[in-house]
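Undergrad: Dropping in protein-v3.txt, which is compact mmCIF, C-alpha atoms and all ligand atoms:
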# COMPACT_ATOMS: atom_id res chain seq x y z
CA MET Z 1 53.34 -12.33 -11.03
CA ALA Z 2 50.54 -14.42 -12.47
CA TRP Z 3 48.59 -14.40 -9.21
CA PHE Z 4 47.94 -10.71 -9.29
CA LYS Z 5 47.71 -10.05 -12.94
CA ARG Z 6 44.91 -11.30 -15.13
CA GLN Z 7 46.57 -13.16 -17.97
CA LYS Z 8 43.49 -14.20 -19.89
CA LYS Z 9 41.11 -11.61 -21.25
CA ALA Z 10 37.90 -11.01 -19.35
CA ILE Z 11 34.95 -12.97 -20.69
CA GLU Z 12 33.27 -10.82 -23.28
CA GLN Z 13 29.83 -9.61 -22.42
CA ALA Z 14 27.36 -11.07 -24.87
CA VAL Z 15 24.82 -8.39 -24.06
CA PRO Z 16 25.78 -4.72 -23.71
CA ALA Z 17 25.48 -3.40 -20.15
CA GLU Z 18 22.49 -1.15 -20.79
CA GLU Z 19 20.43 -4.06 -22.13
CA ARG Z 20 21.21 -6.45 -19.27
CA HIS Z 21 18.24 -5.41 -17.17
CA VAL Z 22 14.67 -6.35 -17.89
CA ARG Z 23 12.66 -3.18 -18.05
CA THR Z 24 9.88 -3.45 -15.48
CA GLU Z 25 9.58 0.17 -14.49
CA GLY Z 26 6.02 1.42 -14.91
CA MET Z 27 4.53 -2.08 -15.21
CA TRP Z 28 3.82 -2.52 -11.52
CA THR Z 29 2.26 -0.35 -8.89
CA LYS Z 30 1.69 -0.65 -5.16
CA CYS Z 31 -1.78 -0.43 -3.67
CA GLU Z 32 -1.80 2.58 -1.37
CA ALA Z 33 -4.32 0.89 0.93
CA CYS Z 34 -3.10 -2.72 1.37
CA GLY Z 35 0.44 -2.57 0.01
CA GLN Z 36 -0.18 -5.30 -2.58
CA ILE Z 37 2.03 -5.10 -5.67
CA ILE Z 38 -0.34 -5.03 -8.62
CA TRP Z 39 0.35 -5.49 -12.30
CA LYS Z 40 -0.85 -2.27 -13.93
CA LYS Z 41 -2.63 -4.18 -16.70
CA ASP Z 42 -4.59 -5.98 -13.98
CA LEU Z 43 -5.55 -2.68 -12.43
CA GLU Z 44 -6.71 -1.42 -15.82
CA THR Z 45 -8.97 -4.40 -16.44
CA HIS Z 46 -10.53 -3.83 -13.00
CA TRP Z 47 -11.24 -0.14 -13.72
CA GLN Z 48 -8.48 0.94 -11.31
CA VAL Z 49 -9.80 -1.05 -8.34
CA CYS Z 50 -7.31 -3.09 -6.26
CA PRO Z 51 -8.13 -6.78 -6.88
CA ARG Z 52 -7.10 -7.64 -3.30
CA CYS Z 53 -8.67 -5.01 -1.03
CA GLN Z 54 -11.05 -3.25 -3.47
CA HIS Z 55 -9.41 0.11 -2.89
CA HIS Z 56 -10.67 2.52 -5.56
CA PHE Z 57 -7.88 4.37 -7.32
CA ARG Z 58 -8.69 7.59 -9.15
CA LEU Z 59 -10.20 7.15 -12.61
CA SER Z 60 -9.53 9.64 -15.42
CA ALA Z 61 -12.43 11.60 -16.91
CA VAL Z 62 -12.25 9.66 -20.18
CA LYS Z 63 -12.10 6.23 -18.48
CA ARG Z 64 -15.10 7.23 -16.38
CA LEU Z 65 -17.12 7.91 -19.52
CA GLU Z 66 -15.97 4.57 -20.94
CA LEU Z 67 -17.17 2.91 -17.73
CA LEU Z 68 -20.61 4.50 -17.82
CA LEU Z 69 -21.54 4.95 -21.47
CA ASP Z 70 -22.52 2.12 -23.82
CA ASP Z 71 -19.72 0.84 -26.08
CA GLY Z 72 -17.53 3.74 -24.96
CA ILE Z 73 -19.23 5.96 -27.54
CA TRP Z 74 -20.29 9.55 -26.95
CA THR Z 75 -20.49 13.01 -28.50
CA GLU Z 76 -18.58 15.67 -26.63
CA HIS Z 77 -20.05 19.15 -26.17
CA ASP Z 78 -18.41 22.56 -25.63
CA VAL Z 79 -14.95 21.25 -26.49
CA GLY Z 80 -13.54 24.68 -27.31
CA LEU Z 81 -14.31 26.42 -24.00
CA VAL Z 82 -11.10 27.59 -22.30
CA SER Z 83 -10.37 29.98 -19.46
CA THR Z 84 -9.41 33.59 -20.29
CA ASP Z 85 -7.50 33.94 -16.98
CA PRO Z 86 -9.74 36.90 -16.00
CA LEU Z 87 -7.53 38.05 -13.08
CA GLU Z 88 -4.21 37.41 -14.84
CA PHE Z 89 -3.39 35.58 -11.66
CA VAL Z 90 0.16 34.73 -10.59
CA ASP Z 91 1.15 32.68 -7.54
CA SER Z 92 4.38 30.66 -7.64
CA ARG Z 93 3.75 30.51 -11.39
CA PRO Z 94 1.43 32.39 -13.73
CA TYR Z 95 -2.00 30.72 -13.87
CA GLY Z 96 -1.99 30.98 -17.68
CA GLU Z 97 1.13 28.84 -17.77
CA ARG Z 98 -0.44 26.20 -15.49
CA LEU Z 99 -3.48 26.14 -17.74
CA ARG Z 100 -1.51 25.64 -20.94
CA GLU Z 101 0.56 22.89 -19.34
CA ALA Z 102 -2.53 20.99 -18.16
CA GLN Z 103 -4.20 21.43 -21.55
CA ARG Z 104 -1.14 20.09 -23.34
CA LYS Z 105 -0.64 17.16 -20.95
CA LEU Z 106 -4.25 16.01 -20.81
CA GLY Z 107 -5.51 17.10 -24.20
CA MET Z 108 -8.57 18.80 -22.72
CA GLY Z 109 -9.63 22.45 -22.48
CA ASP Z 110 -10.45 22.37 -18.77
CA ALA Z 111 -11.18 20.01 -15.86
CA ILE Z 112 -14.45 18.52 -17.15
CA LEU Z 113 -15.86 16.65 -20.15
CA THR Z 114 -19.49 16.94 -21.20
CA ALA Z 115 -20.69 13.91 -23.10
CA GLU Z 116 -23.95 12.85 -24.68
CA GLY Z 117 -24.32 9.12 -25.04
CA LYS Z 118 -26.35 6.13 -23.96
CA LEU Z 119 -26.44 4.26 -20.68
CA ARG Z 120 -27.96 0.78 -21.05
CA GLY Z 121 -29.73 2.06 -24.15
CA ARG Z 122 -31.13 5.21 -22.55
CA PRO Z 123 -29.89 8.61 -23.79
CA VAL Z 124 -28.10 10.60 -21.07
CA ILE Z 125 -25.95 13.67 -20.62
CA CYS Z 126 -22.88 12.79 -18.56
CA CYS Z 127 -20.28 15.19 -17.16
CA SER Z 128 -17.01 13.75 -15.94
CA MET Z 129 -14.38 15.68 -13.97
CA GLU Z 130 -10.63 15.25 -14.37
CA PHE Z 131 -8.65 15.55 -11.12
CA ASN Z 132 -5.29 15.82 -12.88
CA PHE Z 133 -6.37 19.12 -14.43
CA ILE Z 134 -5.39 21.59 -11.65
CA GLY Z 135 -6.96 19.39 -8.96
CA GLY Z 136 -10.24 19.11 -10.85
CA SER Z 137 -10.97 22.64 -9.71
CA MET Z 138 -14.08 24.52 -10.79
CA GLY Z 139 -13.41 27.80 -12.56
CA ALA Z 140 -15.58 29.70 -15.03
CA VAL Z 141 -15.20 26.99 -17.70
CA VAL Z 142 -16.21 24.06 -15.48
CA GLY Z 143 -19.16 26.08 -14.15
CA GLU Z 144 -20.26 27.08 -17.64
CA LYS Z 145 -19.89 23.56 -19.04
CA VAL Z 146 -21.93 22.08 -16.18
CA THR Z 147 -24.59 24.77 -16.66
CA ARG Z 148 -24.78 24.12 -20.40
CA ALA Z 149 -24.99 20.37 -19.75
CA ILE Z 150 -27.95 20.99 -17.42
CA GLU Z 151 -29.62 23.23 -20.01
CA LEU Z 152 -29.06 20.61 -22.72
CA SER Z 153 -30.51 17.93 -20.48
CA LEU Z 154 -33.49 20.20 -19.83
CA ALA Z 155 -34.04 21.05 -23.51
CA LYS Z 156 -33.89 17.39 -24.56
CA ARG Z 157 -35.56 16.11 -21.39
CA ILE Z 158 -32.95 13.41 -20.88
CA PRO Z 159 -31.36 12.49 -17.53
CA LEU Z 160 -28.19 14.13 -16.29
CA ILE Z 161 -25.29 12.40 -14.54
CA ILE Z 162 -22.37 14.37 -13.10
CA VAL Z 163 -19.31 12.55 -11.78
CA SER Z 164 -17.48 14.89 -9.41
CA CYS Z 165 -13.78 14.56 -8.63
CA SER Z 166 -12.58 17.92 -7.45
CA GLY Z 167 -10.69 19.93 -4.88
CA GLY Z 168 -13.33 22.67 -5.10
CA ALA Z 169 -13.45 26.16 -6.57
CA ARG Z 170 -10.43 27.33 -8.58
CA MET Z 171 -8.83 29.99 -6.44
CA MET Z 172 -6.87 31.42 -9.37
CA GLU Z 173 -10.19 32.71 -10.72
CA GLY Z 174 -11.23 34.18 -7.37
CA ALA Z 175 -14.84 35.34 -7.08
CA VAL Z 176 -15.49 34.33 -10.71
CA SER Z 177 -15.10 30.68 -9.67
CA LEU Z 178 -17.30 31.13 -6.58
CA MET Z 179 -20.09 32.63 -8.69
CA GLN Z 180 -20.28 29.38 -10.65
CA MET Z 181 -21.87 27.74 -7.61
CA ALA Z 182 -24.93 30.02 -7.74
CA LYS Z 183 -25.21 29.74 -11.53
CA VAL Z 184 -25.08 25.93 -11.53
CA CYS Z 185 -27.54 25.65 -8.63
CA ALA Z 186 -30.04 27.95 -10.36
CA ALA Z 187 -29.88 25.79 -13.49
CA LEU Z 188 -30.34 22.63 -11.39
CA ALA Z 189 -33.42 24.14 -9.78
CA ARG Z 190 -34.93 24.59 -13.26
CA LEU Z 191 -34.08 20.97 -14.10
CA ASP Z 192 -35.74 19.87 -10.87
CA ARG Z 193 -38.93 21.82 -11.63
CA ALA Z 194 -39.04 20.20 -15.07
CA ARG Z 195 -38.79 16.79 -13.31
CA VAL Z 196 -35.78 15.62 -15.28
CA PRO Z 197 -33.67 13.28 -13.11
CA TYR Z 198 -30.16 14.24 -12.05
CA ILE Z 199 -27.82 11.66 -10.49
CA SER Z 200 -24.68 12.88 -8.76
CA VAL Z 201 -21.73 10.49 -8.43
CA LEU Z 202 -19.08 11.56 -5.92
CA ALA Z 203 -15.63 10.13 -6.53
CA ASP Z 204 -12.51 10.56 -4.42
CA PRO Z 205 -12.10 13.42 -3.63
CA THR Z 206 -15.12 15.72 -3.79
CA THR Z 207 -14.54 18.79 -1.67
CA GLY Z 208 -15.03 22.53 -1.37
CA GLY Z 209 -17.29 24.46 -3.72
CA VAL Z 210 -18.18 21.39 -5.77
CA THR Z 211 -19.58 19.57 -2.71
CA ALA Z 212 -21.24 22.83 -1.68
CA SER Z 213 -23.05 23.11 -5.00
CA TYR Z 214 -23.95 20.50 -7.61
CA ALA Z 215 -22.33 17.37 -6.10
CA MET Z 216 -24.81 17.28 -3.20
CA LEU Z 217 -27.89 18.32 -5.19
CA GLY Z 218 -28.63 15.10 -7.06
CA ASP Z 219 -32.01 13.38 -6.91
CA LEU Z 220 -29.64 10.61 -5.87
CA ASN Z 221 -26.20 11.26 -4.41
CA ILE Z 222 -24.02 8.18 -4.87
CA ALA Z 223 -20.41 7.89 -3.73
CA GLU Z 224 -17.61 5.46 -4.43
CA PRO Z 225 -16.23 3.43 -1.48
CA GLY Z 226 -13.69 5.27 0.63
CA ALA Z 227 -14.14 8.58 -1.23
CA LEU Z 228 -13.15 11.70 0.66
CA ILE Z 229 -16.15 14.01 0.64
CA GLY Z 230 -16.38 17.27 2.52
CA PHE Z 231 -16.33 21.03 2.41
CA ALA Z 232 -13.39 22.23 4.50
CA GLY Z 233 -10.47 19.95 5.37
CA PRO Z 234 -10.42 18.10 8.72
CA ARG Z 235 -7.63 20.25 10.19
CA VAL Z 236 -9.51 23.49 9.56
CA ILE Z 237 -12.64 22.04 11.19
CA GLU Z 238 -10.73 20.75 14.21
CA GLN Z 239 -9.16 24.15 14.74
CA THR Z 240 -12.51 25.90 14.40
CA ILE Z 241 -14.63 23.71 16.67
CA ARG Z 242 -11.69 22.79 18.95
CA GLN Z 243 -12.72 19.16 19.02
CA LYS Z 244 -11.18 15.96 17.75
CA LEU Z 245 -13.06 14.54 14.77
CA PRO Z 246 -14.38 10.97 14.83
CA GLU Z 247 -12.69 8.10 12.97
CA GLY Z 248 -13.50 7.91 9.27
CA PHE Z 249 -14.94 11.44 9.25
CA GLN Z 250 -15.54 12.75 5.68
CA ARG Z 251 -15.32 9.29 4.14
CA ALA Z 252 -18.20 8.03 1.99
CA GLU Z 253 -19.25 5.28 4.45
CA PHE Z 254 -19.40 7.73 7.39
CA LEU Z 255 -21.48 10.18 5.36
CA LEU Z 256 -23.87 7.41 4.31
CA GLN Z 257 -24.37 6.42 7.96
CA HIS Z 258 -25.16 10.03 8.84
CA GLY Z 259 -27.65 10.57 6.06
CA PHE Z 260 -25.62 12.75 3.70
CA LEU Z 261 -25.55 10.18 0.90
CA ASP Z 262 -28.06 7.78 -0.61
CA ALA Z 263 -25.65 4.97 -1.42
CA VAL Z 264 -22.03 3.88 -1.60
CA VAL Z 265 -21.59 1.81 -4.73
CA HIS Z 266 -18.63 -0.29 -5.91
CA ARG Z 267 -17.25 0.89 -9.23
CA LYS Z 268 -18.02 -2.35 -11.04
CA GLU Z 269 -21.68 -2.02 -10.02
CA LEU Z 270 -21.97 1.71 -10.68
CA LYS Z 271 -23.35 1.56 -14.22
CA GLY Z 272 -25.99 -1.02 -13.30
CA TYR Z 273 -26.97 0.97 -10.23
CA VAL Z 274 -27.41 4.20 -12.20
CA ALA Z 275 -29.36 2.36 -14.92
CA ASN Z 276 -31.75 0.86 -12.32
CA ALA Z 277 -32.21 4.23 -10.66
CA LEU Z 278 -33.09 5.84 -14.00
CA ASP Z 279 -35.56 3.02 -14.71
CA PHE Z 280 -37.16 3.79 -11.36
CA PHE Z 281 -37.28 7.55 -11.94
CA LEU Z 282 -38.64 7.32 -15.45
CA ALA Z 283 -41.07 4.43 -15.01
ZN ZN Z 301 -5.26 -3.03 -2.14
Please go through the file and, once you have read it, give me the structure as structure tokens.

TA:
Amino acid sequence: MAWFKRQKKAIEQAVPAEERHVRTEGMWTKCEACGQIIWKKDLETHWQVCPRCQHHFRLSAVKRLELLLDDGIWTEHDVGLVSTDPLEFVDSRPYGERLREAQRKLGMGDAILTAEGKLRGRPVICCSMEFNFIGGSMGAVVGEKVTRAIELSLAKRIPLIIVSCSGGARMMEGAVSLMQMAKVCAALARLDRARVPYISVLADPTTGGVTASYAMLGDLNIAEPGALIGFAGPRVIEQTIRQKLPEGFQRAEFLLQHGFLDAVVHRKELKGYVANALDFFLA
């Protein structure tokens, strides 16, 4: 029965099945704000800003330093500082295990980099936080590195810039992480008395103990557009004050309107803005 039975052989596949698809996975991403499909290379050349709606994606700590420091060159300080897990804390997983995983994945000791470099030719100390390292949380190491950066800036009398991107204090280090707030603030007070400028840049998100300490203590507090900035989350506040919160609450633009920030600056203008501010401070 020739009708039902294939008499000729099936056409041979010139290309094996697994090679028949063009590999596009990982080359494209969708803008979480406007839904635009963006070529990842495009996003990279725009410093992770959506070319259509200007939504600011999160920038890694290293990329942030490349954005701010001349020629992407800097010297890193306190590279070897790592947490000792003082409480030997365990939640769903041991904290020590989380730490080692983050260190391996990101190739950094903790959630912040301290760099000494130049910004438009002017020497600066620049700290940059990494959100992917346990939510950019501040434990003993982040607190100590920030404090040492302040002390270095004070000793050399060169301006300090801290880019915050953090969920707040690191709860796995309990009170040890909360004590960092007082230590960092005391060091910043000394920097202030010595009249060395400190510029705080708040990226999305900056919350909890980081907002409640160094992120809001800059001589200038500058945020990126749309950044979530706050202390407690909106749900906790609503439940406490038993009121509905206004639209856009805890976003950079809302905070600027209400006097909590000095400026909201687009990422591509950030370096120029900081450079002008330092010119003004040091004139
Ligand atoms: Zn967009």

Undergrad: I'd like the neighbourhood of Phe57 of chain Z as a VMD selection string, where a residue qualifies if any of its atoms comes within 8 Å (using all atoms listed in the file), though same-chain residues fewer than 6 positions away should be ignored.

TA: chain Z and resid 48 to 50

Undergrad: Please determine the residues with any atom at most 9 Å from (-22.0, 0.1, -5.9) (coordinates as given in the file, with all atoms listed in the file counting) and report them as a VMD selection string.

TA: chain Z and resid 222 to 225 263 to 273

Undergrad: Expressed in Å to a single decimal, how great is the separation between atom CA of Pro123 of chain Z and atom CA of Val146 of chain Z?

TA: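 Computing the Euclidean distance for atom CA of Pro123 of chain Z and atom CA of Val146 of chain Z yields 17.4 Å.
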
Undergrad: Could you tell me, counting all atoms listed in the file, which protein and nucleic acid residues lie no more than 12 Å from ligand ZN 301 (chain Z), written as JSON, numbers by chain?

TA: {"Z": [29, 30, 31, 32, 33, 34, 35, 36, 37, 38, 39, 43, 48, 49, 50, 51, 52, 53, 54, 55, 56, 57]}

Undergrad: Excluding Cys126 of chain Z and its own-chain neighbours fewer than 4 positions away, which residues fall within 6 Å of it when counting only C-alpha atoms? Please give them as a tab-separated table (two decimals) with C-alpha atoms, keeping the file's coordinate frame.

TA:
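So the final result, stored in selection22.tsv, reads:
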chain	number	residue	atom	x	y	z
Z	114	THR	CA	-19.49	16.94	-21.20
Z	115	ALA	CA	-20.69	13.91	-23.10
Z	160	LEU	CA	-28.19	14.13	-16.29
Z	161	ILE	CA	-25.29	12.40	-14.54
Z	162	ILE	CA	-22.37	14.37	-13.10

Undergrad: State, in Å with one decimal place, the distance from atom CA of Cys165 of chain Z to atom CA of Leu282 of chain Z.

TA: 26.8 Å

Undergrad: Which is closest to Asp71 of chain Z among Z:Val184, Z:Ile134, Z:Leu119, Z:Asp42, if we use only C-alpha atoms?

TA: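 The answer is Z:Leu119, which sits nearest to Asp71 of chain Z.
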
Undergrad: Near segment 61-66 of chain Z, within 7 Å and counting all atoms listed in the file, which residues show up once chain neighbours fewer than 6 positions away are dropped, as a VMD selection string?

TA: chain Z and resid 72 113 128 to 130

Undergrad: Restricting it to C-alpha atoms, dump the selection as a CSV table (one decimal), keeping the file's coordinate frame.

TA:
chain,number,residue,atom,x,y,z
Z,72,GLY,CA,-17.5,3.7,-25.0
Z,113,LEU,CA,-15.9,16.6,-20.2
Z,128,SER,CA,-17.0,13.8,-15.9
Z,129,MET,CA,-14.4,15.7,-14.0
Z,130,GLU,CA,-10.6,15.2,-14.4

Undergrad: Work out how far apart atom CA of Gly167 of chain Z and atom CA of Ala275 of chain Z are and give it in Å to one decimal.

TA: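 Rounded to one decimal, the two atoms are 27.5 Å apart.
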
Undergrad: For segment 85-97 of chain Z, take all atoms listed in the file, fit an axis-aligned box around them, add 8 Å to each of the six sides, then output centre and edge lengths in Å rounded to one decimal, as AutoDock Vina command-line options.

TA:
--center_x -2.7 --center_y 33.4 --center_z -12.7 --size_x 30.1 --size_y 25.2 --size_z 26.2

Undergrad: Considering all atoms listed in the file, can you say which of Z:Gly174, Z:Ile11, Z:Val141, Z:Thr207 comes closest to Glu88 of chain Z?

TA: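 Of all the options, Z:Gly174 lies closest to Glu88 of chain Z.
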
Undergrad: Which one is closest to Arg104 of chain Z: Z:Asp262, Z:Phe133, Z:Thr211, Z:Pro197? Count all atoms listed in the file.

TA: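 Smallest separation from Arg104 of chain Z among the options: Z:Phe133.
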
Undergrad: Can you list, as a ChimeraX atom specification, every protein, DNA or RNA residue that comes within 12 Å of Gly143 of chain Z when you count all atoms listed in the file, leaving out same-chain residues fewer than 2 positions away?

TA: /Z:81-83,110-114,127,129,136-141,145-150,168-170,173,176-187,209-210,213-214

Undergrad: Kindly indicate which residue among Z:Asn276, Z:Ser153, Z:Thr84, Z:Thr206 lies nearest to Glu116 of chain Z, using only C-alpha atoms for the distances.

TA: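 Among the listed residues, Z:Ser153 lies closest to Glu116 of chain Z.
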